[in-house]
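Structure file run-v9.cif (mmCIF, C-alpha atoms and all ligand atoms) is printed below.
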data_model
loop_
_atom_site.label_atom_id
_atom_site.label_comp_id
_atom_site.auth_asym_id
_atom_site.auth_seq_id
_atom_site.Cartn_x
_atom_site.Cartn_y
_atom_site.Cartn_z
CA MET A 1157 84.91 170.10 74.26
CA ALA A 1158 81.69 168.14 74.66
CA THR A 1159 81.44 164.48 73.69
CA HIS A 1160 77.92 163.50 72.70
CA VAL A 1161 76.54 159.97 72.62
CA LEU A 1162 73.39 159.49 70.58
CA ALA A 1163 71.34 156.31 70.81
CA PRO A 1164 69.59 154.91 67.70
CA PHE A 1165 65.98 156.06 67.33
CA ASN A 1166 64.49 154.01 64.48
CA LYS A 1167 60.91 155.26 64.90
CA PRO A 1168 59.14 157.77 62.62
CA LEU A 1169 60.07 161.42 63.11
CA LEU A 1170 56.98 163.59 63.40
CA GLY A 1171 56.41 167.28 64.08
CA GLU A 1172 56.95 170.86 63.07
CA LEU A 1173 60.10 172.95 63.56
CA GLU A 1174 60.79 176.69 63.27
CA ILE A 1175 64.26 176.66 61.71
CA PRO A 1176 66.59 179.43 63.03
CA GLY A 1177 67.51 182.43 60.90
CA ASP A 1178 69.73 182.23 57.85
CA LYS A 1179 73.42 182.67 58.65
CA SER A 1180 74.34 184.38 55.36
CA ILE A 1181 71.47 186.88 55.60
CA SER A 1182 72.10 187.59 59.30
CA HIS A 1183 75.75 188.53 58.61
CA ARG A 1184 74.74 190.83 55.77
CA ALA A 1185 72.00 192.54 57.81
CA VAL A 1186 74.55 193.46 60.51
CA ILE A 1187 77.09 194.68 57.97
CA LEU A 1188 74.71 196.88 55.99
CA GLY A 1189 72.83 198.07 59.10
CA SER A 1190 76.15 199.16 60.64
CA ILE A 1191 77.23 201.28 57.67
CA ALA A 1192 73.77 202.67 56.83
CA ASN A 1193 72.16 205.82 58.18
CA GLY A 1194 69.31 205.17 60.61
CA THR A 1195 68.00 202.32 62.74
CA THR A 1196 67.90 198.82 61.30
CA LYS A 1197 65.80 196.24 63.12
CA VAL A 1198 66.74 192.67 62.22
CA SER A 1199 64.18 190.07 63.25
CA ASN A 1200 64.76 186.31 63.44
CA PHE A 1201 68.51 187.03 63.54
CA LEU A 1202 70.65 183.90 63.88
CA ASP A 1203 72.15 183.96 67.36
CA GLY A 1204 75.00 181.68 66.30
CA GLU A 1205 78.69 182.16 67.08
CA ASP A 1206 79.64 183.18 63.54
CA CYS A 1207 77.07 185.98 63.24
CA MET A 1208 78.03 187.24 66.70
CA ARG A 1209 81.61 187.67 65.41
CA THR A 1210 80.26 190.12 62.85
CA VAL A 1211 78.24 191.94 65.54
CA LYS A 1212 81.29 192.19 67.84
CA ALA A 1213 83.47 193.56 65.02
CA PHE A 1214 81.14 196.50 64.44
CA GLN A 1215 80.70 197.10 68.17
CA LEU A 1216 84.49 197.42 68.39
CA MET A 1217 84.27 200.02 65.62
CA GLY A 1218 81.84 202.06 67.72
CA VAL A 1219 78.45 200.93 66.38
CA SER A 1220 75.67 200.49 68.94
CA ILE A 1221 74.12 197.06 68.35
CA GLU A 1222 71.63 195.67 70.83
CA LYS A 1223 70.25 192.16 70.88
CA GLN A 1224 66.91 191.29 72.45
CA GLU A 1225 66.35 187.57 71.95
CA SER A 1226 66.26 187.05 68.18
CA THR A 1227 65.90 190.75 67.34
CA VAL A 1228 68.92 192.93 66.73
CA ILE A 1229 68.70 196.73 66.68
CA ILE A 1230 71.52 198.56 64.93
CA ASP A 1231 71.95 202.29 65.37
CA GLY A 1232 73.65 203.11 62.07
CA LYS A 1233 75.35 206.48 61.61
CA GLY A 1234 76.91 205.85 58.22
CA SER A 1235 80.32 204.40 57.38
CA ASN A 1236 82.05 207.73 58.17
CA ALA A 1237 81.15 207.28 61.84
CA LEU A 1238 83.00 203.95 62.14
CA GLN A 1239 86.05 204.20 64.38
CA GLU A 1240 89.42 202.50 64.28
CA PRO A 1241 89.13 199.48 66.62
CA LEU A 1242 91.44 199.54 69.64
CA GLU A 1243 92.06 195.81 69.46
CA PRO A 1244 92.48 193.16 66.75
CA LEU A 1245 89.18 191.82 65.42
CA TYR A 1246 88.64 188.13 66.19
CA PHE A 1247 86.59 186.33 63.54
CA GLY A 1248 86.60 182.89 65.20
CA ASN A 1249 85.55 180.17 62.75
CA SER A 1250 83.68 182.44 60.34
CA GLY A 1251 84.79 182.57 56.71
CA THR A 1252 81.83 184.79 55.82
CA THR A 1253 82.71 187.40 58.48
CA THR A 1254 86.34 187.46 57.35
CA ARG A 1255 85.83 187.75 53.63
CA LEU A 1256 82.93 190.23 53.74
CA MET A 1257 84.63 192.38 56.38
CA LEU A 1258 87.81 192.57 54.28
CA GLY A 1259 85.69 194.21 51.58
CA ILE A 1260 84.46 196.81 54.10
CA LEU A 1261 87.74 197.40 55.96
CA ALA A 1262 89.69 197.90 52.72
CA GLY A 1263 87.84 201.18 52.11
CA LEU A 1264 87.66 202.62 55.65
CA PRO A 1265 90.20 205.30 56.64
CA PHE A 1266 91.93 203.42 59.44
CA PHE A 1267 94.12 200.45 60.39
CA THR A 1268 92.79 197.06 61.46
CA THR A 1269 94.24 193.65 62.23
CA VAL A 1270 92.12 190.50 62.02
CA TYR A 1271 92.65 186.91 63.11
CA GLY A 1272 90.71 183.70 63.63
CA ASP A 1273 90.74 180.20 65.06
CA ALA A 1274 92.96 177.35 63.82
CA SER A 1275 90.53 176.38 61.03
CA LEU A 1276 90.02 179.93 59.73
CA THR A 1277 93.77 180.55 59.85
CA GLU A 1278 94.24 177.78 57.26
CA ARG A 1279 91.51 178.98 54.88
CA PRO A 1280 92.58 180.86 51.71
CA MET A 1281 92.07 184.61 51.78
CA ASP A 1282 94.01 185.45 48.60
CA ARG A 1283 90.80 184.85 46.64
CA VAL A 1284 89.49 188.06 48.25
CA ILE A 1285 92.75 189.91 48.79
CA ASP A 1286 93.87 189.67 45.12
CA PRO A 1287 90.83 191.53 43.72
CA LEU A 1288 90.83 193.97 46.65
CA ARG A 1289 94.49 194.77 45.93
CA GLU A 1290 93.50 195.42 42.31
CA MET A 1291 91.10 197.99 43.78
CA ASN A 1292 94.10 199.60 45.57
CA ALA A 1293 93.61 197.98 48.99
CA THR A 1294 96.60 197.67 51.32
CA ILE A 1295 96.32 194.27 52.99
CA ASP A 1296 99.18 192.22 54.35
CA GLY A 1297 99.53 189.05 56.33
CA ARG A 1298 100.90 185.56 56.59
CA LYS A 1299 102.25 183.90 53.41
CA ALA A 1300 102.40 187.14 51.39
CA GLY A 1301 98.98 188.17 52.61
CA SER A 1302 97.14 184.98 51.70
CA TYR A 1303 96.22 183.77 55.19
CA LEU A 1304 95.17 185.19 58.54
CA PRO A 1305 96.33 187.03 60.61
CA LEU A 1306 95.98 190.03 58.30
CA SER A 1307 96.43 193.77 58.59
CA ILE A 1308 94.38 196.22 56.57
CA LYS A 1309 95.20 199.87 56.03
CA GLY A 1310 92.15 201.54 54.53
CA ASN A 1311 92.69 203.34 51.22
CA SER A 1312 90.82 205.22 48.58
CA LEU A 1313 89.61 202.41 46.32
CA GLN A 1314 89.12 202.21 42.59
CA GLY A 1315 86.30 200.24 40.90
CA ILE A 1316 87.27 197.18 38.84
CA THR A 1317 85.67 194.60 36.57
CA TYR A 1318 86.39 191.16 37.96
CA THR A 1319 85.49 187.69 36.72
CA LEU A 1320 85.32 185.28 39.66
CA PRO A 1321 87.91 182.48 39.32
CA VAL A 1322 86.19 180.53 42.15
CA LYS A 1323 82.49 179.80 42.67
CA SER A 1324 82.22 181.90 45.81
CA ALA A 1325 79.54 184.28 47.06
CA GLN A 1326 81.94 185.47 49.73
CA VAL A 1327 84.42 186.70 47.11
CA LYS A 1328 81.65 188.31 45.06
CA SER A 1329 80.28 189.99 48.19
CA ALA A 1330 83.65 191.31 49.36
CA ILE A 1331 84.20 193.02 46.00
CA LEU A 1332 80.67 194.48 45.89
CA LEU A 1333 80.99 195.81 49.45
CA ALA A 1334 84.36 197.38 48.60
CA GLY A 1335 82.60 198.83 45.55
CA LEU A 1336 80.41 200.83 47.94
CA PHE A 1337 83.51 202.88 48.81
CA ALA A 1338 85.28 202.82 45.43
CA ASN A 1339 85.56 205.49 42.76
CA GLY A 1340 83.68 204.62 39.58
CA GLU A 1341 81.90 201.44 38.77
CA THR A 1342 82.65 197.98 40.25
CA LYS A 1343 81.52 194.99 38.24
CA VAL A 1344 81.62 191.31 39.23
CA ILE A 1345 81.07 188.62 36.61
CA GLU A 1346 80.33 185.04 37.64
CA ASN A 1347 80.11 182.08 35.28
CA THR A 1348 78.24 179.93 37.79
CA PRO A 1349 75.66 181.77 39.91
CA THR A 1350 76.26 181.82 43.68
CA ARG A 1351 73.99 183.00 46.49
CA ASN A 1352 72.80 186.56 45.87
CA HIS A 1353 71.83 187.75 49.37
CA THR A 1354 74.36 190.61 49.25
CA GLU A 1355 72.83 191.93 46.04
CA ASN A 1356 69.27 191.63 47.40
CA MET A 1357 70.12 193.37 50.63
CA LEU A 1358 72.17 196.14 49.02
CA GLN A 1359 69.10 196.83 46.87
CA ALA A 1360 66.88 196.95 49.99
CA PHE A 1361 69.29 199.46 51.63
CA GLY A 1362 69.11 201.73 48.58
CA ALA A 1363 72.50 201.02 46.97
CA ALA A 1364 73.05 201.75 43.27
CA ILE A 1365 73.29 198.13 42.20
CA SER A 1366 72.03 196.20 39.21
CA SER A 1367 72.38 192.54 38.33
CA ASP A 1368 71.29 190.18 35.59
CA GLY A 1369 72.28 187.15 37.65
CA SER A 1370 75.73 186.78 36.13
CA GLU A 1371 76.97 190.42 35.95
CA THR A 1372 76.50 192.67 38.95
CA THR A 1373 77.43 196.36 38.93
CA ILE A 1374 77.59 198.73 41.89
CA THR A 1375 78.50 202.42 42.16
CA ASN A 1376 79.38 204.46 45.21
CA ILE A 1377 76.43 206.61 46.34
CA GLN A 1378 78.02 207.61 49.70
CA THR A 1379 75.12 206.57 51.95
CA LEU A 1380 72.87 203.58 52.50
CA THR A 1381 69.49 204.02 54.17
CA ALA A 1382 68.51 201.78 57.08
CA THR A 1383 65.65 199.36 56.56
CA ASN A 1384 64.15 196.56 58.66
CA VAL A 1385 65.16 193.02 57.77
CA TYR A 1386 63.29 189.77 58.39
CA VAL A 1387 65.69 186.83 58.25
CA PRO A 1388 64.04 183.65 56.92
CA GLY A 1389 65.00 180.26 58.34
CA ASP A 1390 68.28 178.86 57.04
CA ILE A 1391 67.76 176.22 54.35
CA SER A 1392 71.26 174.91 55.14
CA SER A 1393 70.04 174.17 58.70
CA ALA A 1394 66.67 172.86 57.47
CA ALA A 1395 68.66 170.43 55.30
CA PHE A 1396 69.51 168.27 58.33
CA PHE A 1397 65.84 167.69 59.10
CA LEU A 1398 64.85 167.35 55.43
CA VAL A 1399 67.32 164.48 55.22
CA ALA A 1400 66.19 163.09 58.59
CA GLY A 1401 62.61 162.94 57.26
CA ALA A 1402 63.84 161.35 54.04
CA ILE A 1403 65.83 158.52 55.70
CA VAL A 1404 63.69 157.46 58.66
CA PRO A 1405 60.76 155.33 57.43
CA GLY A 1406 57.29 156.64 58.33
CA SER A 1407 58.47 160.20 59.05
CA LYS A 1408 56.63 163.44 58.27
CA LEU A 1409 58.27 166.74 59.22
CA THR A 1410 57.26 170.33 58.53
CA LEU A 1411 59.92 173.03 58.60
CA LYS A 1412 58.47 176.53 58.90
CA ASN A 1413 59.57 179.79 57.25
CA VAL A 1414 62.58 178.40 55.44
CA GLY A 1415 64.45 180.63 52.98
CA LEU A 1416 63.70 179.65 49.38
CA ASN A 1417 65.98 182.01 47.47
CA GLN A 1418 66.58 180.27 44.11
CA THR A 1419 70.35 180.52 44.58
CA ARG A 1420 70.05 178.31 47.69
CA THR A 1421 67.41 175.72 46.81
CA GLY A 1422 69.64 173.11 45.19
CA ILE A 1423 68.72 170.63 47.93
CA ILE A 1424 65.04 170.94 47.06
CA ASP A 1425 65.81 170.27 43.39
CA VAL A 1426 67.93 167.25 44.34
CA LEU A 1427 65.27 165.78 46.63
CA LEU A 1428 62.56 166.26 44.00
CA THR A 1429 64.75 164.70 41.29
CA MET A 1430 65.34 161.75 43.61
CA GLY A 1431 61.56 161.36 43.82
CA ALA A 1432 60.97 162.78 47.32
CA ASP A 1433 57.53 163.69 48.65
CA LEU A 1434 58.35 167.32 49.44
CA GLN A 1435 55.64 169.99 49.59
CA ILE A 1436 56.22 173.75 49.64
CA THR A 1437 53.43 175.90 51.14
CA ASN A 1438 52.83 179.45 52.49
CA GLN A 1439 55.32 181.05 50.09
CA GLN A 1440 56.09 184.70 50.83
CA VAL A 1441 58.71 187.35 50.00
CA SER A 1442 60.44 189.88 52.28
CA GLY A 1443 63.34 192.18 51.35
CA GLY A 1444 63.71 190.34 48.05
CA GLU A 1445 64.08 186.97 49.84
CA GLU A 1446 61.54 184.19 49.32
CA PHE A 1447 60.57 181.83 52.13
CA GLY A 1448 57.91 179.24 52.93
CA ASP A 1449 57.13 175.97 54.73
CA LEU A 1450 58.60 172.63 53.66
CA THR A 1451 56.96 169.29 54.45
CA ILE A 1452 58.90 166.11 53.81
CA THR A 1453 57.21 162.72 54.00
CA TYR A 1454 59.36 159.58 53.95
CA LYS A 1455 59.50 157.75 50.63
CA GLU A 1456 62.13 155.52 48.95
CA LEU A 1457 64.35 157.61 46.68
CA ASN A 1458 66.42 157.11 43.51
CA SER A 1459 70.16 157.74 43.24
CA ILE A 1460 71.30 160.57 40.93
CA VAL A 1461 74.39 162.48 39.79
CA ILE A 1462 74.82 165.89 41.44
CA GLN A 1463 77.15 168.17 39.45
CA GLY A 1464 77.61 171.43 37.56
CA GLU A 1465 75.64 174.64 38.19
CA ILE A 1466 73.66 173.20 41.09
CA ILE A 1467 76.74 172.78 43.29
CA PRO A 1468 76.98 176.36 44.67
CA ARG A 1469 73.21 176.17 45.31
CA LEU A 1470 73.74 173.34 47.82
CA ILE A 1471 77.42 173.54 48.74
CA ASP A 1472 76.89 173.49 52.53
CA GLU A 1473 74.29 170.71 52.27
CA ILE A 1474 76.65 168.18 50.64
CA PRO A 1475 77.74 166.47 53.90
CA VAL A 1476 74.16 165.64 54.84
CA LEU A 1477 73.27 164.78 51.22
CA ALA A 1478 76.08 162.21 51.30
CA LEU A 1479 74.42 160.67 54.36
CA LEU A 1480 71.13 160.59 52.45
CA ALA A 1481 72.85 158.81 49.55
CA THR A 1482 73.94 155.97 51.86
CA GLN A 1483 70.23 155.14 52.27
CA ILE A 1484 69.39 155.05 48.54
CA GLU A 1485 69.75 152.00 46.28
CA GLY A 1486 72.37 152.53 43.54
CA THR A 1487 75.27 154.93 43.12
CA THR A 1488 75.08 158.64 43.90
CA VAL A 1489 77.89 160.72 42.41
CA ILE A 1490 78.82 164.26 43.53
CA ARG A 1491 81.16 166.21 41.22
CA ASP A 1492 82.43 169.80 40.80
CA ALA A 1493 82.46 170.34 44.56
CA GLU A 1494 86.20 170.99 45.02
CA GLU A 1495 85.29 174.04 47.16
CA LEU A 1496 84.43 171.57 49.94
CA ARG A 1497 88.15 171.08 50.46
CA VAL A 1498 88.57 174.67 51.77
CA LYS A 1499 85.64 174.92 54.17
CA GLU A 1500 85.90 174.69 57.99
CA THR A 1501 87.74 171.44 57.29
CA ASP A 1502 88.33 169.41 54.13
CA ARG A 1503 84.70 168.30 53.99
CA ILE A 1504 85.30 165.65 51.30
CA ASN A 1505 87.76 163.79 53.54
CA ALA A 1506 85.73 164.42 56.70
CA VAL A 1507 82.46 163.11 55.22
CA VAL A 1508 84.16 160.04 53.78
CA ASP A 1509 85.90 159.32 57.10
CA VAL A 1510 82.75 159.72 59.23
CA LEU A 1511 80.45 157.74 56.94
CA THR A 1512 83.06 155.00 56.44
CA THR A 1513 83.38 154.70 60.23
CA LEU A 1514 79.62 154.21 60.32
CA GLY A 1515 79.79 151.42 57.73
CA ALA A 1516 78.91 153.28 54.52
CA ASN A 1517 80.37 152.46 51.11
CA ILE A 1518 81.77 155.84 50.02
CA GLU A 1519 84.87 157.01 48.14
CA ALA A 1520 86.44 160.44 47.89
CA THR A 1521 87.29 161.93 44.50
CA ASP A 1522 89.24 165.13 43.83
CA ASP A 1523 86.07 167.18 43.50
CA GLY A 1524 83.43 165.17 45.30
CA MET A 1525 82.47 161.64 46.29
CA VAL A 1526 80.85 158.44 45.08
CA ILE A 1527 78.39 156.70 47.39
CA HIS A 1528 77.07 153.17 46.85
CA GLY A 1529 73.80 152.41 48.65
CA LYS A 1530 71.90 151.22 50.36
CA THR A 1531 73.98 150.37 53.47
CA THR A 1532 72.92 149.70 57.02
CA LEU A 1533 74.79 152.14 59.25
CA THR A 1534 76.50 150.78 62.33
CA GLY A 1535 77.26 152.96 65.31
CA GLY A 1536 80.75 154.11 66.15
CA GLU A 1537 83.01 156.86 67.41
CA ILE A 1538 83.19 159.68 64.92
CA LYS A 1539 85.25 162.85 64.63
CA SER A 1540 83.45 166.13 64.00
CA TYR A 1541 86.65 167.80 62.75
CA ASN A 1542 85.42 170.84 64.71
CA ASP A 1543 83.03 171.46 61.83
CA HIS A 1544 79.37 172.17 62.63
CA ARG A 1545 78.04 170.58 59.45
CA ILE A 1546 80.01 167.36 60.01
CA ALA A 1547 78.86 167.16 63.66
CA MET A 1548 75.19 167.63 62.69
CA MET A 1549 75.48 165.12 59.85
CA GLY A 1550 76.79 162.58 62.40
CA ALA A 1551 73.92 163.34 64.78
CA ILE A 1552 71.33 162.78 62.01
CA ALA A 1553 73.08 159.53 61.04
CA SER A 1554 72.55 158.26 64.60
CA LEU A 1555 68.78 158.21 63.96
CA ILE A 1556 69.15 155.19 61.69
CA ALA A 1557 72.31 153.61 63.08
CA LYS A 1558 72.21 150.15 64.65
CA ASP A 1559 74.23 151.22 67.68
CA ASP A 1560 75.28 154.37 69.56
CA VAL A 1561 77.04 157.14 67.64
CA GLU A 1562 79.59 159.01 69.72
CA ILE A 1563 80.60 162.45 68.42
CA ASP A 1564 83.97 163.53 69.82
CA ASP A 1565 83.00 167.20 70.15
CA ASP A 1566 79.65 168.81 69.33
CA SER A 1567 80.49 172.39 70.40
CA SER A 1568 80.93 173.61 66.79
CA ILE A 1569 77.16 173.29 66.31
CA TYR A 1570 76.75 176.70 68.04
CA ILE A 1571 78.28 178.22 64.91
CA SER A 1572 75.10 177.88 62.87
CA TYR A 1573 72.37 176.02 64.81
CA PRO A 1574 72.44 176.70 68.56
CA ASN A 1575 69.17 174.84 69.29
CA PHE A 1576 69.88 171.86 67.02
CA PHE A 1577 69.74 169.25 69.81
CA GLU A 1578 66.51 170.76 71.19
CA HIS A 1579 64.97 170.38 67.75
CA LEU A 1580 66.27 166.84 67.44
CA LYS A 1581 64.69 166.06 70.80
CA GLU A 1582 61.35 167.61 69.78
CA ILE A 1583 60.94 165.24 66.86
CA THR A 1584 62.21 162.12 68.62
CA VAL A 1585 59.64 161.86 71.43
O1 LIG A 1601 78.36 184.09 51.34
C1 LIG A 1601 78.02 183.32 52.25
O2 LIG A 1601 77.31 183.70 53.22
C2 LIG A 1601 78.46 181.92 52.19
C3 LIG A 1601 78.97 181.43 51.01
C4 LIG A 1601 79.49 180.06 50.85
O3 LIG A 1601 80.90 180.11 50.89
P1 LIG A 1601 81.79 180.47 49.58
O4 LIG A 1601 81.49 181.82 49.14
O5 LIG A 1601 83.21 180.33 50.04
O6 LIG A 1601 81.40 179.42 48.59
C5 LIG A 1601 79.01 179.13 51.97
O7 LIG A 1601 79.74 177.92 51.95
C6 LIG A 1601 79.11 179.79 53.32
O8 LIG A 1601 78.57 178.93 54.31
C7 LIG A 1601 78.34 181.08 53.38
C1 LIG A 1602 81.33 177.26 55.01
C2 LIG A 1602 80.57 177.75 55.99
O1 LIG A 1602 80.71 178.96 56.58
P1 LIG A 1602 81.89 180.04 56.55
O2 LIG A 1602 82.54 179.99 55.20
O3 LIG A 1602 81.24 181.35 56.84
O4 LIG A 1602 82.85 179.67 57.65
C3 LIG A 1602 79.39 176.97 56.47
O5 LIG A 1602 78.61 177.52 57.25
O6 LIG A 1602 79.20 175.79 56.09
#
Hey, can you dump this file as structure tokens for me?
Amino acid sequence: MATHVLAPFNKPLLGELEIPGDKSISHRAVILGSIANGTTKVSNFLDGEDCMRTVKAFQLMGVSIEKQESTVIIDGKGSNALQEPLEPLYFGNSGTTTRLMLGILAGLPFFTTVYGDASLTERPMDRVIDPLREMNATIDGRKAGSYLPLSIKGNSLQGITYTLPVKSAQVKSAILLAGLFANGETKVIENTPTRNHTENMLQAFGAAISSDGSETTITNIQTLTATNVYVPGDISSAAFFLVAGAIVPGSKLTLKNVGLNQTRTGIIDVLLTMGADLQITNQQVSGGEEFGDLTITYKELNSIVIQGEIIPRLIDEIPVLALLATQIEGTTVIRDAEELRVKETDRINAVVDVLTTLGANIEATDDGMVIHGKTTLTGGEIKSYNDHRIAMMGAIASLIAKDDVEIDDDSSIYISYPNFFEHLKEITV
């Protein structure tokens, strides 16, 4: 537990940052590299706690995975070479590890038990377990198999057609990964598009997958072929510094090599609709994933309503977008974001609590929040709720606060952005 006191800064933020690798893509690179045949080299891998849970899980199943700084080398020998782990798999705080691994473990011919920390233990897993059971998976656990700890007895799986009842890329991914081991065709239909990194990476590893953006179909081809993966910077991490640049007068920040996959760029659309001065340069593509440099220059913004299809494209950015809204004249409304209630904490309540403590005018609704700006933020003692995105939102708020902001515990930040405070220091000199 590490308390962190941040003094107000209130001077322009200037500089250039290389944002660490994307968390979602890093998880998927380890998963597919571990079940493929051949050597997968993953560069710019996110060395965060969550992604290391995925690495450790495969190491316990006998896969050789070596890490040299931000490069990870996976010696894949195909899914048949995976071994029954001798101990329960610990997934820490990582929802992505848990849900994607359930899709893999359901089709492997051995027994596994999985568990997590207090937060993960309260997050719903029935959203993944229900469709996997339809595919003939044998999964059991607490509350009729809806919550961790869980046990999984690998089975021969059957393909299904499944329409997602929740807007979740983790659920979609779990079903598609199980589809790699299933007989026949597995089809996932989503009414609102969610991040498509699993589909892109399965394609890059040679899977038999096709997608029109709302219907994705996969068939079992027995083997995936290793390929090298470059992980672009995580736009969900870049979001903290995009907002920092947008709320501190006089700032100009460039964020290099940030992932620009269209299913993730909701924050860019929101900033542009609000009238931000945001430039995108050096656009490139690798492994089906777009990336480029983002430059944000401070400018007064307009309040807007954020709702509907854009929500899954910025779901993890909502805490810091709420902070942004406190610095905009008028009322910003966020709707259709009920998924925030089942993240690392109930992020609607956590955001409202933290920003209210700092003097903002913000109300929670069932599926979002309403923020009336512009308010001067005071300092104060805030709770991080053990949630990395809440802790980082609080740290960014301190830049414009009138007094010190004390975060009760900043250790969760290692989950997704281990060098966050170094970056904050770099631009506040
Ligand atoms: O698939 C992924 O990598 C993720 C999907 C999202 O969760 P849901 O699928 O639960 O919406 C997101 O919030 C999470 O940080 C990462
Ligand atoms: C929700 C998140 O991650 P996960 O679901 O993997 O715990 C997140 O990183 O904001």
Can you pull out every residue within 8 Å of A:Leu1258, counting only C-alpha atoms, but drop anything in the same chain fewer than 5 positions away, and send it as a PyMOL selection string? chain A and resi 1284-1285+1308+1330
Return as AutoDock Vina command-line options the centre and edge lengths, in Å with one decimal, of the box along x, y and z that encloses every atom of stretch 1339-1351 of chain A in the file, padded by 5 Å per side.
--center_x 79.8 --center_y 192.7 --center_z 40.9 --size_x 21.6 --size_y 35.6 --size_z 21.2
Could you list, as JSON, numbers by chain, all protein and nucleic acid residues with an atom at most 6 Å from ligand LIG 1601 (chain A), counting all atoms listed in the file? {"A": [1180, 1252, 1324, 1325, 1326, 1471, 1472]}
Of the candidates A:Lys1343, A:Lys1197, A:Arg1209, A:Arg1545, which shows the shortest atom-to-atom distance to ligand LIG 1602 (chain A), using only C-alpha atoms and all ligand atoms? A:Arg1545
Just the number, please: distance in Å from atom CA of A:Met1291 to atom CA of A:Gly1315, one decimal. 6.0 Å
Would you mind reading off the distance between atom CA of A:Ile1403 and atom CA of A:Glu1578, one decimal, in Å?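 Between atom CA of A:Ile1403 and atom CA of A:Glu1578 the gap is 19.8 Å.
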Neighbours of ligand LIG 1602 (chain A) within 6 Å, counting all atoms listed in the file, as number ranges by chain? A: 1249-1252, 1472, 1499-1500
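With only C-alpha atoms as the atoms that count, the minimum distance from A:Thr1429 to the choices A:Ile1484, A:Leu1457, A:Ile1552, A:Ala1364 is reached by A:Leu1457.
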Write out as a list in words which residues come within 6 Å of A:Thr1196 when counting all atoms listed in the file, dropping same-chain ones fewer than 3 positions away.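 Near neighbours after the sequence-gap exclusion: Gly1189, Ile1229, Ile1230, Ala1382, Thr1383 and Asn1384 of chain A.
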If you measure from atom CA of A:Lys1179 to atom CA of A:Asp1206, what distance in Å do you get, rounded to one decimal?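 So the two atoms, atom CA of A:Lys1179 and atom CA of A:Asp1206, lie 7.9 Å apart.
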Spatial neighbours of A:Leu1306, max dist 7 Å, all atoms listed in the file, sep filter under 5 positions, as a list in words: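 In the requested format, the answer is Thr1269, Val1270, Tyr1271, Ile1295, Asp1296, Gly1297, Arg1298 and Gly1301 of chain A.
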If you count only C-alpha atoms, the residue of A:Lys1539, A:Lys1328, A:His1183, A:Arg1420 closest to A:Glu1355 turns out to be A:Lys1328
A:Asn1542: which residues within 9 Å, counting all atoms listed in the file, same-chain residues fewer than 3 positions away excluded, as a ChimeraX atom specification? /A:1275,1500-1501,1539,1546-1547,1565-1569
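Remark: for A:Leu1169, the closest of the candidate residues A:Leu1188, A:Ile1504, A:Val1211, A:Ile1452 is A:Ile1452 (distances computed over all atoms listed in the file).
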Selection near stretch 1435-1449 of chain A, 12 Å with only C-alpha atoms, sequence-local residues under 2 positions removed, as number ranges by chain: A: 1172-1175, 1177-1178, 1180-1181, 1185, 1198-1199, 1351-1362, 1383-1391, 1394, 1398, 1408-1421, 1424-1425, 1427-1428, 1431-1433, 1451-1454
Calculated over only C-alpha atoms, which of the candidates A:Gly1234, A:Gly1401, A:Pro1349, A:Gly1171 has the smallest distance to A:Gln1378? A:Gly1234
Ranking A:Val1344, A:Met1217, A:Leu1470, A:Leu1276 by minimum distance to A:Glu1495 and counting all atoms listed in the file, which one comes first?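 So, comparing all the options, the nearest one is A:Leu1470.
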